[in-house]
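Accompanying notes for the structure given below.
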Amino acid sequence: MEAMETSEPDSTTVNNQIQAEEPEPIEEDAEPKPEDVEQIFEDDDEARSEATFSFKVENFSQLRESALSSPCIIRNLPWKIMIMQRNPQNQERSGKSVGYFLQCNGESESSAWSCNASAELRMLNQKDGTKFKRKISHLFYCKENDWGFSHYMSWNEVLDPDKGFIKDDAVIFEVKVNADAPHGVSWDSKKHTGYVGLKNQGATCYMNSLLQVLYFTNLLRKAVYKMPTESDDSQKSVGLALQRVFHELQFLDKPVGTKKLTKSFGWETLDSFMQHDVQEFLRVLLDKLEIKMKKTCVEGTIPKLFEGKMLSYIRCKNVDYKSTRSESFYDVQLNIKGKKNIMESFHDYIQTETLDGDNKYDAGTYGLQDAEKGIVFEKFPPVLHLHLMRFQYDPNTDSSVKFNDRCEFPEVLDLSEYIQDPEGNKEDYKYRLHAVLVHSGDNHGGHYVVFINPLGDGKWCKFDDDVVSRCTKKEAIEQNFGGDGEDTAAVRHCTNAYMLVYIQQNRLHDILSPVSETDIPEALSQRLQEEKKLEVIRRKEKNEAYLYMNVRIVLEDAFYGHQGNDLFDLEATPTLEFRVKKAATLRDFMSMLSEELKYPVDRMRPWPLNLRNNQTLRPTLVEMEDGQRSMNEISENNQSWFIFLELLPPDVPGASLPSFDKDQDVVLFFKYYCPLTKKIHYMGHQYLSISTKLSSVIPKLCEMANIPQDSELILWEEIKPNLVERIQDVEQPLEHILEELMDGDIIVYQLEPPPGAKLELPNVKEYFKDLFYKVEVNFCDKNIPNDPGFTLELSQRMNYDQMARRVAEHLNTDPYLLQFFKNQSYRDGAPGQALRCNYDGTLKEILQFFRPKQVKRVFYQRLAISINELENKKQFKCTWISSNLKEEKELVLYPNRNATVGELLEEALTCSQIDLEPGGTGKLRLLEIMANKIFSICKSDAPLELLLSQAGSKTYRLEEIPEEELEVADGEDLVPVAHFSKEIYTTFGSPFLIKYRQGEKVKEVRKRLQDRLAVPDKEWEKYRVALVIQMKPYYLDDEEEKIFNIKEFRGMNACIQSQNNRPWIGLEHVNKGANKRSRYSTEKAIKIYN
């Protein structure tokens, strides 16, 4: 056929002049074989996953424009055949071609939908009945809603009667479509499958797949329901959140959200939603559930379902000696690289390793023996999780790569040949496939879906996040073997099974027994129903929020005791809050307030609090005559309205508040200042006529302040922060005295200070000036992690000495024994540069980098010497360790700036924090420590400046030199010793030195190591001693008579600068000081925090 080998699938929306290389399309001219297709019976035929439909194009030779077939409904979407005549667009083609496309949802205006499908585009040979085929696979969506071939076959070839494709000027086209359930359109998973999916939060498809697997492990679901969570925090309880997800999966008709579940994990940041490994997540979650189930009626459910046993052994070939160790497992990781099926992977798993030659096994009294090492399974769990190791480390690229090799797995797996001693019924070792977890993509990311056989009856469903659809057994199993089989489309090359779940066949009924409402505790059902009701109410409130506004109310009681500007502290003052309809009138609102506060309407008046241009917040008038205006109008379309609510006190006579004339009256607020106590006192408010003379109000002001009525007063107008003006002439009317007379103006008055009185803040102006510069500073000890510190109220005009004195007074110490540090400008809560004691700036300059509402923080540390002396010395931090290696404490020494290690040691001997051993040598040494290993012994003539410049990740440790290590003779050396757990790079604890003598045997060194650490004999049996050379351990087990080779060690006394490749003695034992790690814990980042 003409030019068929270069034809590639494309879309009518793609520029066909430039096309990517694609695998060659499949062409078949022979009669197709009958296809064995598993039928899926849908409740609604239009939801079917597969269909074949045809399109007969009449007058084909006259075709000029595209021809569309009638729609065929598959997965609830309309599919059409599109035929058109295509002209050549490059020089490689000559003559016209038939364009043949499959269109999906072509008339939809939505941009959110997508549907993945594969199809065969066929053309019937009307002469011999055969079909010419080409295959496509494509993700259809709004911008590429058709896919096919611009050059399916040359136009002349189709019109050639001898070829048989045209008859009576008609050509018959046929398409067989197999489509996944669509996303972004109305797809009723519950209706079509009986199940619902889980919403994807962004990168949580791996979690959704695992949750569905656990949900359909019905025995586990029942146990989760029975976990007691009645008193659990609804926000932080993992158990309750999982119960909620399972309950909604069981009873809701739409996809279930997982945000509450991930929130219960403690996942609040974006990092927590990075895509993680399925096995990792499964281990962490099951571990968490097992802990939650302890001491409950469902304790032990996790191990009963998922725990198996395997036996690791070493068996000698020539003598009767065997070493065994039994271990639990919760999943099996199978190598699939180069394996035809998982049976071969199991054989590889139990394959023995031969120990011979230089790698012989030490069989104790039998000496070194040829042996074989291997693993056998003692017991498989009822629910078996198999992880196919598709992601492995590639040393060539130094990264993880994904293997897409084909690896087959059966529907029924017989494990009898992998068990150590199969006993009883052989059916016990037969397992039925329950779930196939599939990964599409590469090692950098991808997408997870899961195929589950919920009832164990061979009827499979595909769970793709929020979409659930029925699928064939072939789609669930065979199409996920991986590799490049004949039926594997190019796009499916990276789509393959990653995890398999098998269930013991003779326990299938028990493990998958239906979960009914009777299996759910009534208390749990009621709690979840109440949550739903509250959610409905909250959702309704949220949806109707635009109809409402918030009204915040402050009462006059809040003004008393306020020492700052304006009438109250906006952030600290308690307020009343009401939710009011915007359409309600002011009169309606006041009536509601009257009812809520049990106060007559006539004895209340609202004063809206407005922010003036000078940034002060003062009451203004709202006229009650405007009672019919809506709250939205009165608040000037704001979402909230803040008011001062004036209340007529119950003891004041009169039925209602006095009238207020907006043109002739003004409301003024009064404060009294006492210079002796440096305090402001709120006195109340008054309605005054604008023509009132202040002199007539003075007697009332004196009465309010409880001072003689003939007292001489000084009056000030409070205008804004740090700006008050004295009122000189009290005989003038208010409208002339106050520059811009407005409701809410504040007058502060005081007594004339007595002559000669020495007052710190003698008048209102000085008080407000001091207030303007006042700041609360948090002082934290820089040597105490997360120290909350203490807070002092200081003036920003203070200098260094004044600040130091105030802090020293609080700490009851000498100000010269304190050193201060600025806060880092780019980090909150980290000490920065030290302040010199002769710093000539103000506190305001020290705090200059802080934002307005940020906590103002200064760090300090206590000193053993005066700050003046310290600034001529160098600070050196190290630790001191006791001679028994049990106690460590941090030291800060202050040698001279140009001091050596020897001078530092001399100063350390005078330090009161060092406790020398009675009868000890009294000689000290300084060690460099890195990663809990001794790096070197510092030379006494080494400059400290050099050590500090090379510090990096090193730390320094002071210790008293033991008597036996003072002198190191010929044939002796000091050898570093470090503790490690499992791997030699997981060092921990306090390393130490031990003197090695030439010719010593292993048992003698072991004994001295035990004595040095004072470890009891029973505990010492758990320690393993190893020589670590080039970061590789050589264990000295059962080599008591072996002699150490002195040449393997290079002396510490030589002060070698690089320790990386130096041999050392390693003690392997459990790190009791570390947090205990469970069998599920991993080195990876995923964590469930609650």
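Chains: A, B, ... in order of the structure tokens. Residues: from 1 per chain. Ligands: from 1, in order shown.
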So that I can check the secondary structure, give me every residue of segment 298-527 of chain A assigned alpha helix (DSSP H) by backbone DSSP, as number ranges by chain. A: 301-306, 342-349, 473-476, 508-511, 522-527
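When the distance limit is 12 Å and only C-alpha atoms are what count, the residues near Asp414 of chain A, minus those fewer than 3 positions from it on the same chain, are Ile342, Met343, Phe346, Phe380, Phe409, Pro410, Glu411, Glu417, Tyr418, Ile419, Pro422, Lys426, Glu427, Asp428, Tyr429, Lys430, Tyr431, Arg432, Leu433, Tyr502, Ile503, Gln504 and Gln505 of chain A.
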Counting only C-alpha atoms, the residue of A:Phe165, A:Phe790, A:Phe992, A:Tyr985 that sits nearest Asn884 of chain A: A:Phe992
Mind checking which residues fall within 8 Å of segment 68-80 of chain A, counting only C-alpha atoms, ignoring those fewer than 6 positions away in the same chain, and posting them as number ranges by chain? A: 46-51, 53, 55, 102-106, 179-182, 187
I'd like the contact shell of segment 893-905 of chain A - 8 Å cut-off, only C-alpha atoms, skipping same-chain residues fewer than 4 positions apart - returned as a PyMOL selection string. chain A and resi 870+872-877+909+924-926+938-945
Expected file contents, prior selection, C-alpha atoms, as a compact mmCIF listing (two decimals), in the first residue's frame:
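Output file out.txt is given in full below:
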```txt
# COMPACT_ATOMS: atom_id res chain seq x y z
CA LEU A 870 35.00 39.68 77.10
CA ASN A 872 39.03 41.56 74.30
CA LYS A 873 38.75 37.76 74.38
CA LYS A 874 37.53 34.96 72.08
CA GLN A 875 34.52 32.86 72.97
CA PHE A 876 35.15 29.10 72.66
CA LYS A 877 32.31 26.59 73.06
CA LEU A 909 41.60 24.04 84.67
CA LEU A 924 43.36 17.82 79.97
CA ARG A 925 43.13 17.26 76.22
CA LEU A 926 40.88 18.71 73.53
CA CYS A 938 44.23 18.88 69.02
CA LYS A 939 47.91 19.86 69.28
CA SER A 940 48.70 22.11 72.23
CA ASP A 941 50.41 24.69 70.00
CA ALA A 942 47.52 24.85 67.50
CA PRO A 943 45.96 28.38 67.31
CA LEU A 944 42.32 28.44 68.42
CA GLU A 945 41.55 30.77 65.53
```
When distances are computed from only C-alpha atoms, which of A:Pro619, A:Gly627, A:Gly564, A:Pro708 shows the smallest separation from Asp588 of chain A? A:Gly627
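The shortest atom-to-atom distance to Val449 of chain A, with only C-alpha atoms taken into account, belongs to A:Val213 out of A:Val213, A:Leu741, A:Lys143, A:Pro381.
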Residues flagged strand (DSSP E) by DSSP in segment 976-1058 of chain A, as a PyMOL selection string: chain A and resi 976-981+983-997+1024-1029+1032-1035
Store the residues of this selection in a file with N, CA, C and O atoms, as a compact mmCIF listing (two decimals), in the first residue's frame.
```txt
# COMPACT_ATOMS: atom_id res chain seq x y z
N PRO A 976 40.61 5.29 68.29
CA PRO A 976 39.26 5.81 68.53
C PRO A 976 38.21 4.70 68.54
O PRO A 976 38.31 3.74 67.78
N VAL A 977 37.23 4.87 69.41
CA VAL A 977 36.11 3.92 69.53
C VAL A 977 34.82 4.70 69.40
O VAL A 977 34.68 5.78 69.99
N ALA A 978 33.87 4.16 68.63
CA ALA A 978 32.56 4.83 68.46
C ALA A 978 31.45 3.80 68.50
O ALA A 978 31.65 2.62 68.18
N HIS A 979 30.27 4.24 68.91
CA HIS A 979 29.08 3.39 68.95
C HIS A 979 28.30 3.54 67.64
O HIS A 979 28.22 4.63 67.09
N PHE A 980 27.72 2.45 67.16
CA PHE A 980 26.83 2.55 65.99
C PHE A 980 25.72 1.53 66.10
O PHE A 980 25.81 0.54 66.85
N SER A 981 24.64 1.78 65.36
CA SER A 981 23.47 0.90 65.38
C SER A 981 23.18 0.43 63.96
O SER A 981 22.88 1.25 63.09
N GLU A 983 24.02 0.15 60.97
CA GLU A 983 24.90 0.59 59.90
C GLU A 983 26.01 1.45 60.50
O GLU A 983 25.78 2.22 61.44
N ILE A 984 27.22 1.32 59.94
CA ILE A 984 28.36 2.00 60.58
C ILE A 984 28.26 3.52 60.48
O ILE A 984 28.94 4.23 61.21
N TYR A 985 27.41 4.03 59.57
CA TYR A 985 27.28 5.49 59.49
C TYR A 985 26.23 6.02 60.47
O TYR A 985 26.07 7.23 60.60
N THR A 986 25.53 5.14 61.18
CA THR A 986 24.54 5.61 62.17
C THR A 986 25.19 5.63 63.54
O THR A 986 24.74 4.97 64.48
N THR A 987 26.28 6.37 63.67
CA THR A 987 26.98 6.48 64.95
C THR A 987 26.17 7.33 65.92
O THR A 987 25.41 8.21 65.53
N PHE A 988 26.38 7.06 67.20
CA PHE A 988 25.65 7.80 68.24
C PHE A 988 26.48 7.77 69.52
O PHE A 988 27.51 7.10 69.62
N GLY A 989 26.03 8.50 70.53
CA GLY A 989 26.66 8.46 71.84
C GLY A 989 28.00 9.17 71.88
O GLY A 989 28.38 9.91 70.98
N SER A 990 28.74 8.90 72.96
CA SER A 990 30.02 9.57 73.20
C SER A 990 31.17 8.66 72.79
O SER A 990 31.38 7.60 73.39
N PRO A 991 31.95 9.06 71.78
CA PRO A 991 33.12 8.26 71.40
C PRO A 991 34.22 8.42 72.44
O PRO A 991 34.20 9.35 73.25
N PHE A 992 35.21 7.54 72.41
CA PHE A 992 36.31 7.64 73.37
C PHE A 992 37.56 7.01 72.75
O PHE A 992 37.52 6.43 71.66
N LEU A 993 38.67 7.13 73.48
CA LEU A 993 39.94 6.54 73.03
C LEU A 993 40.30 5.38 73.93
O LEU A 993 39.97 5.36 75.12
N ILE A 994 41.01 4.40 73.36
CA ILE A 994 41.49 3.28 74.16
C ILE A 994 42.92 3.00 73.73
O ILE A 994 43.27 3.10 72.53
N LYS A 995 43.79 2.69 74.70
CA LYS A 995 45.18 2.41 74.36
C LYS A 995 45.27 0.96 73.84
O LYS A 995 44.77 0.03 74.47
N TYR A 996 45.92 0.85 72.70
CA TYR A 996 46.12 -0.46 72.09
C TYR A 996 47.59 -0.86 72.27
O TYR A 996 48.49 -0.04 72.06
N ARG A 997 47.81 -2.10 72.69
CA ARG A 997 49.17 -2.60 72.89
C ARG A 997 49.45 -3.68 71.86
O ARG A 997 48.63 -4.58 71.64
N ARG A 1024 28.47 -6.01 69.66
CA ARG A 1024 29.36 -6.62 68.69
C ARG A 1024 30.52 -5.66 68.43
O ARG A 1024 30.32 -4.45 68.26
N VAL A 1025 31.73 -6.22 68.42
CA VAL A 1025 32.92 -5.39 68.21
C VAL A 1025 33.38 -5.57 66.76
O VAL A 1025 33.44 -6.70 66.25
N ALA A 1026 33.69 -4.46 66.12
CA ALA A 1026 34.12 -4.52 64.73
C ALA A 1026 35.29 -3.58 64.50
O ALA A 1026 35.39 -2.52 65.13
N LEU A 1027 36.22 -4.00 63.61
CA LEU A 1027 37.22 -3.08 63.09
C LEU A 1027 36.60 -2.40 61.88
O LEU A 1027 36.11 -3.08 60.98
N VAL A 1028 36.59 -1.09 61.85
CA VAL A 1028 36.00 -0.36 60.73
C VAL A 1028 37.14 0.24 59.91
O VAL A 1028 37.86 1.12 60.38
N ILE A 1029 37.32 -0.30 58.71
CA ILE A 1029 38.39 0.14 57.82
C ILE A 1029 37.75 0.56 56.50
O ILE A 1029 36.98 -0.19 55.91
N LYS A 1032 34.06 0.13 56.27
CA LYS A 1032 33.50 -1.21 56.15
C LYS A 1032 33.81 -1.97 57.44
O LYS A 1032 34.98 -2.02 57.86
N PRO A 1033 32.79 -2.54 58.10
CA PRO A 1033 33.03 -3.21 59.38
C PRO A 1033 33.53 -4.65 59.19
O PRO A 1033 33.03 -5.38 58.34
N TYR A 1034 34.53 -5.03 59.98
CA TYR A 1034 35.00 -6.42 60.02
C TYR A 1034 34.77 -6.90 61.44
O TYR A 1034 35.50 -6.54 62.37
N TYR A 1035 33.70 -7.68 61.61
CA TYR A 1035 33.28 -8.09 62.94
C TYR A 1035 34.26 -9.10 63.54
O TYR A 1035 34.79 -9.98 62.83
```
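The interatomic distance for the pair atom CA of Gln854 of chain A and atom CA of Pro831 of chain A works out to 15.5 Å.
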Name the closest residue to Ser440 of chain A among the candidates A:Glu478, A:Glu845, A:Asp464, A:Asp320; distances are taken between atoms, counting only C-alpha atoms. A:Asp464
From the list A:Leu567, A:Leu388, A:Leu723, A:Leu586, the nearest residue to Ser345 of chain A using only C-alpha atoms is A:Leu388
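Of the residues listed (A:Tyr1023, A:Tyr321, A:Tyr100, A:Phe265), A:Tyr321 shows the shortest atom-to-atom separation from Gln369 of chain A; distances use only C-alpha atoms.
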Report as a compact mmCIF listing (two decimals) with N, CA and C atoms, in the first residue's frame all protein, DNA and RNA residues lying within 10 Å of Asp188 of chain A, evaluated on only C-alpha atoms, omitting residues in the same chain fewer than 4 positions from it.
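New file out-v6.txt:
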```
# COMPACT_ATOMS: atom_id res chain seq x y z
N ALA A 47 -23.43 3.57 29.64
CA ALA A 47 -22.23 3.66 30.47
C ALA A 47 -21.22 2.58 30.13
N ASN A 76 -21.18 7.28 28.66
CA ASN A 76 -22.06 8.46 28.76
C ASN A 76 -21.59 9.64 27.91
N ALA A 181 -13.65 5.35 32.26
CA ALA A 181 -14.67 6.28 32.74
C ALA A 181 -14.12 7.70 32.66
N HIS A 192 -23.22 3.10 38.56
CA HIS A 192 -22.66 2.14 37.61
C HIS A 192 -21.91 1.00 38.27
N THR A 193 -21.40 1.21 39.51
CA THR A 193 -20.59 0.16 40.14
C THR A 193 -21.05 -0.21 41.54
N GLY A 194 -21.77 0.70 42.20
CA GLY A 194 -22.14 0.45 43.60
C GLY A 194 -21.12 1.03 44.56
N TYR A 195 -20.04 1.63 44.04
CA TYR A 195 -18.99 2.17 44.89
C TYR A 195 -18.69 3.62 44.49
N VAL A 196 -18.01 4.34 45.41
CA VAL A 196 -17.62 5.72 45.11
C VAL A 196 -16.12 5.87 45.26
N ASP A 253 -23.12 8.85 48.10
CA ASP A 253 -23.36 8.58 46.67
C ASP A 253 -22.42 9.39 45.78
N LYS A 254 -21.49 10.12 46.39
CA LYS A 254 -20.59 10.95 45.58
C LYS A 254 -19.17 10.80 46.13
N PRO A 255 -18.16 11.25 45.37
CA PRO A 255 -16.77 11.07 45.82
C PRO A 255 -16.52 11.66 47.21
N VAL A 467 -13.29 8.66 40.28
CA VAL A 467 -14.07 7.92 39.28
C VAL A 467 -13.89 6.42 39.48
N VAL A 468 -15.02 5.71 39.57
CA VAL A 468 -15.00 4.25 39.69
C VAL A 468 -15.79 3.69 38.51
N SER A 469 -15.22 2.66 37.88
CA SER A 469 -15.90 2.06 36.74
C SER A 469 -15.64 0.55 36.73
```
Near Val554 of chain A, counting only C-alpha atoms, which residues have an atom at most 7 Å away, once you skip same-chain residues fewer than 5 positions from it, shown as a list in words? Thr575, Leu576, Ile643, Phe644 and Leu645 of chain A
